file target_27.cif (mmCIF, C-alpha atoms, pLDDT in the B column; chains and numbers go by the auth columns)
data_structure
loop_
_atom_site.group_PDB
_atom_site.id
_atom_site.type_symbol
_atom_site.label_atom_id
_atom_site.label_comp_id
_atom_site.label_asym_id
_atom_site.label_seq_id
_atom_site.Cartn_x
_atom_site.Cartn_y
_atom_site.Cartn_z
_atom_site.B_iso_or_equiv
_atom_site.auth_seq_id
_atom_site.auth_asym_id
ATOM 1 C CA MET A 1 34.284 -6.865 2.064 48.00 210 L
ATOM 2 C CA SER A 2 31.207 -6.072 0.001 70.00 211 L
ATOM 3 C CA LYS A 3 31.054 -6.840 -3.694 95.00 212 L
ATOM 4 C CA VAL A 4 30.180 -3.917 -5.983 98.00 213 L
ATOM 5 C CA LEU A 5 28.581 -3.857 -9.424 98.00 214 L
ATOM 6 C CA VAL A 6 28.391 -0.939 -11.832 98.00 215 L
ATOM 7 C CA THR A 7 25.586 -1.517 -14.297 98.00 216 L
ATOM 8 C CA TYR A 8 24.550 0.851 -17.042 98.00 217 L
ATOM 9 C CA PHE A 9 22.219 1.581 -19.915 98.00 218 L
ATOM 10 C CA SER A 10 23.721 3.737 -22.640 97.00 219 L
ATOM 11 C CA ALA A 11 21.829 4.617 -25.807 91.00 220 L
ATOM 12 C CA SER A 12 24.641 6.613 -27.415 90.00 221 L
ATOM 13 C CA GLY A 13 27.845 5.524 -25.645 93.00 222 L
ATOM 14 C CA THR A 14 28.100 8.547 -23.345 95.00 223 L
ATOM 15 C CA THR A 15 26.892 6.758 -20.231 97.00 224 L
ATOM 16 C CA ALA A 16 28.965 3.682 -21.104 98.00 225 L
ATOM 17 C CA LYS A 17 32.100 5.794 -20.806 97.00 226 L
ATOM 18 C CA LEU A 18 31.075 7.144 -17.408 98.00 227 L
ATOM 19 C CA ALA A 19 30.168 3.681 -16.103 98.00 228 L
ATOM 20 C CA GLY A 20 33.423 2.187 -17.349 98.00 229 L
ATOM 21 C CA ASN A 21 35.432 4.910 -15.644 97.00 230 L
ATOM 22 C CA LEU A 22 33.548 4.408 -12.377 98.00 231 L
ATOM 23 C CA ALA A 23 34.022 0.622 -12.452 98.00 232 L
ATOM 24 C CA LYS A 24 37.763 1.045 -13.020 97.00 233 L
ATOM 25 C CA ALA A 25 38.036 3.721 -10.335 97.00 234 L
ATOM 26 C CA ILE A 26 36.395 1.595 -7.630 97.00 235 L
ATOM 27 C CA ASN A 27 37.498 -1.842 -8.879 97.00 236 L
ATOM 28 C CA ALA A 28 33.915 -3.006 -9.449 98.00 237 L
ATOM 29 C CA ASP A 29 32.398 -5.456 -11.892 97.00 238 L
ATOM 30 C CA LEU A 30 30.719 -3.901 -14.954 98.00 239 L
ATOM 31 C CA HIS A 31 27.459 -4.937 -16.647 98.00 240 L
ATOM 32 C CA GLU A 32 25.691 -3.346 -19.616 98.00 241 L
ATOM 33 C CA ILE A 33 21.884 -3.341 -19.582 98.00 242 L
ATOM 34 C CA GLN A 34 21.065 -4.271 -23.168 98.00 243 L
ATOM 35 C CA PRO A 35 17.566 -3.653 -24.519 97.00 244 L
ATOM 36 C CA GLU A 36 16.038 -6.617 -26.340 97.00 245 L
ATOM 37 C CA VAL A 37 15.367 -4.223 -29.217 96.00 246 L
ATOM 38 C CA PRO A 38 18.270 -1.741 -29.542 95.00 247 L
ATOM 39 C CA TYR A 39 17.392 1.948 -29.797 94.00 248 L
ATOM 40 C CA THR A 40 17.928 3.662 -33.142 94.00 249 L
ATOM 41 C CA ASN A 41 18.554 7.383 -33.631 92.00 250 L
ATOM 42 C CA ALA A 42 14.914 7.754 -34.699 94.00 251 L
ATOM 43 C CA ASP A 43 13.818 5.998 -31.481 94.00 252 L
ATOM 44 C CA LEU A 44 15.751 8.566 -29.455 92.00 253 L
ATOM 45 C CA ASP A 45 14.276 11.661 -31.161 92.00 254 L
ATOM 46 C CA TRP A 46 12.758 13.337 -28.127 86.00 255 L
ATOM 47 C CA MET A 47 11.298 16.086 -30.350 89.00 256 L
ATOM 48 C CA ASN A 48 9.044 13.488 -32.038 95.00 257 L
ATOM 49 C CA LYS A 49 6.111 12.617 -29.753 94.00 258 L
ATOM 50 C CA LYS A 50 5.720 9.309 -31.607 95.00 259 L
ATOM 51 C CA SER A 51 9.352 8.191 -31.239 95.00 260 L
ATOM 52 C CA ARG A 52 9.942 5.075 -29.177 94.00 261 L
ATOM 53 C CA SER A 53 11.619 6.911 -26.311 93.00 262 L
ATOM 54 C CA SER A 54 8.836 9.516 -26.171 92.00 263 L
ATOM 55 C CA VAL A 55 6.129 6.847 -26.125 93.00 264 L
ATOM 56 C CA GLU A 56 7.921 4.859 -23.411 92.00 265 L
ATOM 57 C CA MET A 57 8.545 7.881 -21.223 91.00 266 L
ATOM 58 C CA ASN A 58 4.960 9.087 -21.516 92.00 267 L
ATOM 59 C CA ASP A 59 3.768 5.758 -20.060 94.00 268 L
ATOM 60 C CA LYS A 60 5.584 5.347 -16.741 88.00 269 L
ATOM 61 C CA SER A 61 4.292 1.764 -16.451 94.00 270 L
ATOM 62 C CA PHE A 62 6.013 0.737 -19.694 94.00 271 L
ATOM 63 C CA ARG A 63 8.870 -1.714 -19.159 97.00 272 L
ATOM 64 C CA PRO A 64 11.150 -2.276 -22.167 97.00 273 L
ATOM 65 C CA ALA A 65 12.401 -5.857 -22.413 97.00 274 L
ATOM 66 C CA ILE A 66 16.029 -6.529 -21.513 98.00 275 L
ATOM 67 C CA ALA A 67 18.176 -8.970 -23.512 98.00 276 L
ATOM 68 C CA ASN A 68 20.611 -9.936 -20.745 97.00 277 L
ATOM 69 C CA LYS A 69 20.756 -10.518 -16.997 97.00 278 L
ATOM 70 C CA VAL A 70 23.284 -10.381 -14.195 97.00 279 L
ATOM 71 C CA GLU A 71 23.481 -14.095 -13.394 92.00 280 L
ATOM 72 C CA ASN A 72 25.068 -13.657 -9.973 96.00 281 L
ATOM 73 C CA MET A 73 23.137 -10.631 -8.639 97.00 282 L
ATOM 74 C CA ALA A 74 22.928 -12.242 -5.186 96.00 283 L
ATOM 75 C CA ASP A 75 26.710 -11.809 -4.898 96.00 284 L
ATOM 76 C CA TYR A 76 26.507 -8.000 -4.921 97.00 285 L
ATOM 77 C CA ASP A 77 25.818 -5.751 -1.941 97.00 286 L
ATOM 78 C CA THR A 78 26.096 -2.395 -3.718 98.00 287 L
ATOM 79 C CA ILE A 79 24.849 -1.681 -7.228 98.00 288 L
ATOM 80 C CA PHE A 80 25.614 1.550 -9.043 98.00 289 L
ATOM 81 C CA VAL A 81 23.089 2.075 -11.840 98.00 290 L
ATOM 82 C CA ALA A 82 24.156 4.508 -14.581 98.00 291 L
ATOM 83 C CA PHE A 83 21.870 5.892 -17.277 98.00 292 L
ATOM 84 C CA PRO A 84 21.124 9.005 -19.330 97.00 293 L
ATOM 85 C CA ILE A 85 18.453 11.314 -17.941 95.00 294 L
ATOM 86 C CA TRP A 86 15.327 11.175 -20.119 92.00 295 L
ATOM 87 C CA TRP A 87 12.487 13.573 -19.329 88.00 296 L
ATOM 88 C CA TYR A 88 14.030 14.430 -15.918 91.00 297 L
ATOM 89 C CA VAL A 89 14.118 10.774 -14.764 94.00 298 L
ATOM 90 C CA ALA A 90 15.800 7.469 -15.530 96.00 299 L
ATOM 91 C CA PRO A 91 14.608 5.723 -18.703 96.00 300 L
ATOM 92 C CA THR A 92 11.952 3.089 -17.918 96.00 301 L
ATOM 93 C CA ILE A 93 14.402 0.340 -18.932 97.00 302 L
ATOM 94 C CA ILE A 94 16.097 1.043 -15.593 98.00 303 L
ATOM 95 C CA ASN A 95 12.841 0.099 -13.855 98.00 304 L
ATOM 96 C CA SER A 96 12.783 -3.069 -16.008 98.00 305 L
ATOM 97 C CA PHE A 97 16.301 -3.885 -14.854 98.00 306 L
ATOM 98 C CA LEU A 98 15.676 -3.306 -11.150 98.00 307 L
ATOM 99 C CA GLU A 99 12.371 -5.185 -11.122 98.00 308 L
ATOM 100 C CA GLN A 100 13.869 -8.436 -12.398 97.00 309 L
ATOM 101 C CA TYR A 101 15.912 -9.001 -9.223 98.00 310 L
ATOM 102 C CA ASP A 102 15.370 -9.427 -5.499 97.00 311 L
ATOM 103 C CA LEU A 103 17.206 -6.344 -4.257 98.00 312 L
ATOM 104 C CA ASN A 104 16.148 -6.634 -0.633 97.00 313 L
ATOM 105 C CA GLY A 105 18.981 -5.449 1.633 97.00 314 L
ATOM 106 C CA LYS A 106 21.110 -4.149 -1.242 98.00 315 L
ATOM 107 C CA THR A 107 22.247 -0.565 -1.746 98.00 316 L
ATOM 108 C CA ILE A 108 21.271 1.004 -5.076 98.00 317 L
ATOM 109 C CA ILE A 109 23.135 4.150 -6.147 98.00 318 L
ATOM 110 C CA PRO A 110 21.988 5.925 -9.319 98.00 319 L
ATOM 111 C CA LEU A 111 24.254 8.126 -11.416 98.00 320 L
ATOM 112 C CA ALA A 112 23.520 9.731 -14.721 98.00 321 L
ATOM 113 C CA THR A 113 24.630 11.688 -17.720 97.00 322 L
ATOM 114 C CA SER A 114 22.490 14.542 -18.969 94.00 323 L
ATOM 115 C CA GLY A 115 22.338 17.150 -21.663 86.00 324 L
ATOM 116 C CA GLY A 116 21.558 19.794 -19.085 87.00 325 L
ATOM 117 C CA SER A 117 19.147 18.682 -16.359 89.00 326 L
ATOM 118 C CA GLY A 118 19.762 17.272 -12.920 92.00 327 L
ATOM 119 C CA MET A 119 18.436 14.024 -11.449 95.00 328 L
ATOM 120 C CA GLY A 120 14.910 15.452 -11.348 92.00 329 L
ATOM 121 C CA GLY A 121 12.389 12.933 -10.022 93.00 330 L
ATOM 122 C CA THR A 122 14.639 9.922 -10.579 95.00 331 L
ATOM 123 C CA ASN A 123 14.568 8.499 -7.058 95.00 332 L
ATOM 124 C CA GLN A 124 10.794 8.850 -6.800 95.00 333 L
ATOM 125 C CA ALA A 125 10.426 7.039 -10.141 95.00 334 L
ATOM 126 C CA LEU A 126 12.809 4.232 -9.135 97.00 335 L
ATOM 127 C CA ALA A 127 11.797 3.654 -5.502 97.00 336 L
ATOM 128 C CA SER A 128 8.893 1.291 -6.233 97.00 337 L
ATOM 129 C CA SER A 129 11.142 -0.790 -8.518 98.00 338 L
ATOM 130 C CA CYS A 130 13.574 -1.744 -5.749 97.00 339 L
ATOM 131 C CA PRO A 131 11.530 -2.505 -2.614 97.00 340 L
ATOM 132 C CA GLY A 132 13.620 -3.458 0.390 98.00 341 L
ATOM 133 C CA ALA A 133 16.751 -1.851 -1.029 98.00 342 L
ATOM 134 C CA VAL A 134 18.442 1.284 0.249 98.00 343 L
ATOM 135 C CA LEU A 135 18.114 3.756 -2.636 98.00 344 L
ATOM 136 C CA LYS A 136 20.701 6.513 -2.283 97.00 345 L
ATOM 137 C CA GLU A 137 20.379 9.954 -3.853 95.00 346 L
ATOM 138 C CA GLY A 138 22.112 9.965 -7.211 94.00 347 L
ATOM 139 C CA LYS A 139 24.142 12.512 -9.086 96.00 348 L
ATOM 140 C CA VAL A 140 24.661 13.681 -12.674 97.00 349 L
ATOM 141 C CA PHE A 141 28.186 13.534 -14.074 97.00 350 L
ATOM 142 C CA SER A 142 29.871 14.407 -17.329 95.00 351 L
ATOM 143 C CA ALA A 143 30.996 11.359 -19.304 93.00 352 L
ATOM 144 C CA ASN A 144 34.521 12.779 -19.011 93.00 353 L
ATOM 145 C CA THR A 145 34.563 12.965 -15.219 96.00 354 L
ATOM 146 C CA ASP A 146 37.969 11.811 -14.020 96.00 355 L
ATOM 147 C CA LYS A 147 38.393 8.572 -12.096 96.00 356 L
ATOM 148 C CA ASN A 148 39.601 10.280 -8.899 97.00 357 L
ATOM 149 C CA THR A 149 36.442 12.398 -8.703 97.00 358 L
ATOM 150 C CA LEU A 150 34.267 9.332 -9.326 98.00 359 L
ATOM 151 C CA LYS A 151 36.147 7.288 -6.723 97.00 360 L
ATOM 152 C CA THR A 152 35.822 9.997 -4.075 97.00 361 L
ATOM 153 C CA TRP A 153 32.085 10.397 -4.763 98.00 362 L
ATOM 154 C CA ALA A 154 31.491 6.629 -4.751 97.00 363 L
ATOM 155 C CA GLU A 155 33.311 6.171 -1.448 96.00 364 L
ATOM 156 C CA ASN A 156 31.452 9.088 0.152 96.00 365 L
ATOM 157 C CA ILE A 157 27.988 7.992 -1.023 96.00 366 L
ATOM 158 C CA GLN A 158 28.536 4.390 0.078 93.00 367 L
ATOM 159 C CA ASN A 159 29.472 5.564 3.562 89.00 368 L
ATOM 160 C CA LYS A 160 26.493 7.903 4.031 85.00 369 L
#
call {"tool": "encode", "arguments": {"input": "target_27.cif", "output": "structure tokens"}}
result
Amino acid sequence: MSKVLVTYFSASGTTAKLAGNLAKAINADLHEIQPEVPYTNADLDWMNKKSRSSVEMNDKSFRPAIANKVENMADYDTIFVAFPIWWYVAPTIINSFLEQYDLNGKTIIPLATSGGSGMGGTNQALASSCPGAVLKEGKVFSANTDKNTLKTWAENIQNK
């Protein structure tokens, strides 16, 4: 039986709720991606072109530092990666996370929360960060999505 990890980055707590519900629904391990420098409300002000998040997202090569690691990543076959959608893609800290591991042969499944957009160009932006992995097409969910819906989706996407 394959071992499954749900990992997430959550700037405001919304995505943390979704990831926690998914991990419980599919009986997976849970890991929070913690930025070395936590994001403040000012950092997340997408209306300010000089805010940290705006600067990072305008430079697709930027890789925010991560404070923690999954020590036993080799144990996992399937990794769900949850995040908020920023500028129609995953925040660049997700690239930072993926690039610190050998993901060859693993299945990566993105899922996201969003204030109104879909997954946008997420898979295109993440593909180069997980060479050798199978990157499945992700989906946007509400933080309040029920566990049965998440479980059904997770089972279906893993079997595609």
call {"tool": "resolve_selection", "arguments": {"input": "target_27.cif", "expression": "the PyMOL selection byres ((chain L and resi 222-232) around 9)", "output": "number ranges by chain"}}
result
L: 213-221, 233-239, 241, 289-293, 320-322, 350-356, 359-360, 363
call {"tool": "resolve_selection", "arguments": {"input": "target_27.cif", "expression": "the PyMOL selection byres ((chain L and resi 346) around 7)", "output": "PyMOL selection string"}}
result
chain L and resi 318-319+332+344-345+347-348
call {"tool": "atom_distance", "arguments": {"input": "target_27.cif", "atom1": "atom CA of L:Asn368", "atom2": "atom CA of L:Thr316"}}
result
10.9 Å
call {"tool": "closest_residue", "arguments": {"input": "target_27.cif", "among": "L:Ile275, L:Gly341, L:Lys269, L:Trp295", "to": "L:Asp254", "atoms": "only C-alpha atoms"}}
result
L:Trp295
call {"tool": "axis_aligned_box", "arguments": {"input": "target_27.cif", "around": "stretch 289-306 of chain L", "padding_each_side": "3 Å", "output": "lines of an AutoDock Vina configuration file"}}
result
center_x = 18.8
center_y = 5.3
center_z = -14.6
size_x = 19.7
size_y = 24.3
size_z = 17.1
